[in-house]
Amino acid sequence: MARHVNRGTVTRKGDLPTKVCVTCKRPFTWRRKWERVWDEVKYCSDRCRANKVTPL
């Protein structure tokens with residue numbers, strides 16, 4: 001169970017939104033550092049972002 005200290009609410013990992021990585025096709029979960037740009041996030045990691053697939 002993860003606890004958000006500043007807001008005093010409890011958020012369970014299973015309740016966080018998920019997406020599928022464009023490069024590796026694996027699901028990844030919302031992270032606090034992506035809070036403001038979650039709609040723009042496409043890749044699960046810097047490694048996948050560096051190895052992104054470009055259309056021909």
# chains A, B, ... in the order shown; residues from 1 in each chain; ligands from 1
call {"tool": "select_by_dssp", "arguments": {"residues": "chain A", "states": "alpha helix (DSSP H)", "output": "list in words"}}
result
Asp46, Arg47, Cys48, Arg49 and Ala50 of chain A
call {"tool": "write_last_selection", "arguments": {"atoms": "N, CA, C and O atoms", "output": "compact mmCIF listing (two decimals), in the first residue's frame"}}
result
# COMPACT_ATOMS: atom_id res chain seq x y z
N ASP A 46 13.52 5.44 -20.23
CA ASP A 46 14.43 6.15 -21.13
C ASP A 46 14.99 5.20 -22.18
O ASP A 46 15.23 5.59 -23.32
N ARG A 47 15.20 3.96 -21.81
CA ARG A 47 15.70 2.97 -22.77
C ARG A 47 14.72 2.77 -23.92
O ARG A 47 15.13 2.73 -25.09
N CYS A 48 13.44 2.62 -23.63
CA CYS A 48 12.44 2.47 -24.68
C CYS A 48 12.31 3.74 -25.51
O CYS A 48 12.14 3.68 -26.72
N ARG A 49 12.42 4.89 -24.87
CA ARG A 49 12.35 6.15 -25.61
C ARG A 49 13.52 6.28 -26.58
O ARG A 49 13.37 6.73 -27.71
N ALA A 50 14.71 5.82 -26.17
CA ALA A 50 15.90 5.88 -27.02
C ALA A 50 15.80 4.89 -28.19
O ALA A 50 16.35 5.14 -29.26
call {"tool": "closest_residue", "arguments": {"among": "A:Arg31, A:Ser45, A:Thr54, A:Arg36", "to": "Pro17 (chain A)", "atoms": "only C-alpha atoms"}}
result
A:Arg31
call {"tool": "closest_residue", "arguments": {"among": "A:Tyr43, A:Thr29, A:Trp34, A:Cys24", "to": "Arg12 (chain A)", "atoms": "only C-alpha atoms"}}
result
A:Thr29
call {"tool": "atom_distance", "arguments": {"atom1": "CA of Val22 (chain A)", "atom2": "CA of Cys44 (chain A)"}}
result
8.4 Å
call {"tool": "atom_distance", "arguments": {"atom1": "CA of Val53 (chain A)", "atom2": "CA of Val20 (chain A)"}}
result
14.3 Å
call {"tool": "atom_distance", "arguments": {"atom1": "CA of Thr23 (chain A)", "atom2": "CA of Thr11 (chain A)"}}
result
28.1 Å
call {"tool": "residues_around", "arguments": {"residues": "Lys19 (chain A)", "least_positions_apart": "5", "cutoff": "8 Å", "atoms": "only C-alpha atoms", "output": "list in words"}}
result
Pro27, Phe28, Thr29, Trp30 and Lys42 of chain A
call {"tool": "select_by_dssp", "arguments": {"residues": "chain A", "states": "strand (DSSP E or B)", "output": "ChimeraX atom specification"}}
result
/A:2-4,9-11,18-20,27-29
call {"tool": "write_last_selection", "arguments": {"atoms": "N, CA, C and O atoms", "output": "PDB file, in the first residue's frame"}}
result
ATOM      1  N   ALA A   2       0.627   2.136  -0.915  1.00  0.00           N
ATOM      2  CA  ALA A   2       1.415   3.370  -0.992  1.00  0.00           C
ATOM      3  C   ALA A   2       0.643   4.506  -0.335  1.00  0.00           C
ATOM      4  O   ALA A   2      -0.556   4.625  -0.492  1.00  0.00           O
ATOM      5  N   ARG A   3       1.342   5.330   0.413  1.00  0.00           N
ATOM      6  CA  ARG A   3       0.691   6.436   1.103  1.00  0.00           C
ATOM      7  C   ARG A   3       1.226   7.744   0.547  1.00  0.00           C
ATOM      8  O   ARG A   3       2.417   7.943   0.447  1.00  0.00           O
ATOM      9  N   HIS A   4       0.327   8.609   0.167  1.00  0.00           N
ATOM     10  CA  HIS A   4       0.686   9.933  -0.327  1.00  0.00           C
ATOM     11  C   HIS A   4       0.738  10.864   0.870  1.00  0.00           C
ATOM     12  O   HIS A   4      -0.277  11.205   1.453  1.00  0.00           O
ATOM     13  N   THR A   9      -3.985  10.927   1.741  1.00  0.00           N
ATOM     14  CA  THR A   9      -4.864   9.885   1.234  1.00  0.00           C
ATOM     15  C   THR A   9      -4.061   8.636   0.930  1.00  0.00           C
ATOM     16  O   THR A   9      -2.863   8.691   0.695  1.00  0.00           O
ATOM     17  N   VAL A  10      -4.730   7.513   0.919  1.00  0.00           N
ATOM     18  CA  VAL A  10      -4.081   6.245   0.630  1.00  0.00           C
ATOM     19  C   VAL A  10      -4.445   5.836  -0.787  1.00  0.00           C
ATOM     20  O   VAL A  10      -5.613   5.783  -1.145  1.00  0.00           O
ATOM     21  N   THR A  11      -3.425   5.536  -1.598  1.00  0.00           N
ATOM     22  CA  THR A  11      -3.639   5.089  -2.963  1.00  0.00           C
ATOM     23  C   THR A  11      -3.004   3.721  -3.129  1.00  0.00           C
ATOM     24  O   THR A  11      -1.821   3.546  -2.857  1.00  0.00           O
ATOM     25  N   THR A  18      -2.875   2.839 -15.985  1.00  0.00           N
ATOM     26  CA  THR A  18      -1.799   2.167 -16.716  1.00  0.00           C
ATOM     27  C   THR A  18      -1.883   2.497 -18.198  1.00  0.00           C
ATOM     28  O   THR A  18      -2.927   2.908 -18.697  1.00  0.00           O
ATOM     29  N   LYS A  19      -0.769   2.307 -18.885  1.00  0.00           N
ATOM     30  CA  LYS A  19      -0.678   2.455 -20.339  1.00  0.00           C
ATOM     31  C   LYS A  19       0.205   1.332 -20.852  1.00  0.00           C
ATOM     32  O   LYS A  19       0.885   0.661 -20.087  1.00  0.00           O
ATOM     33  N   VAL A  20       0.234   1.156 -22.184  1.00  0.00           N
ATOM     34  CA  VAL A  20       1.096   0.174 -22.814  1.00  0.00           C
ATOM     35  C   VAL A  20       2.198   0.926 -23.548  1.00  0.00           C
ATOM     36  O   VAL A  20       1.928   1.851 -24.317  1.00  0.00           O
ATOM     37  N   PRO A  27       2.833  -3.208 -20.245  1.00  0.00           N
ATOM     38  CA  PRO A  27       2.080  -2.219 -19.469  1.00  0.00           C
ATOM     39  C   PRO A  27       2.969  -1.543 -18.428  1.00  0.00           C
ATOM     40  O   PRO A  27       3.875  -2.171 -17.878  1.00  0.00           O
ATOM     41  N   PHE A  28       2.728  -0.268 -18.204  1.00  0.00           N
ATOM     42  CA  PHE A  28       3.427   0.447 -17.138  1.00  0.00           C
ATOM     43  C   PHE A  28       2.434   1.326 -16.407  1.00  0.00           C
ATOM     44  O   PHE A  28       1.398   1.696 -16.927  1.00  0.00           O
ATOM     45  N   THR A  29       2.761   1.641 -15.169  1.00  0.00           N
ATOM     46  CA  THR A  29       1.858   2.334 -14.265  1.00  0.00           C
ATOM     47  C   THR A  29       2.243   3.792 -14.098  1.00  0.00           C
ATOM     48  O   THR A  29       3.411   4.155 -14.216  1.00  0.00           O
TER      49      THR A  29
END
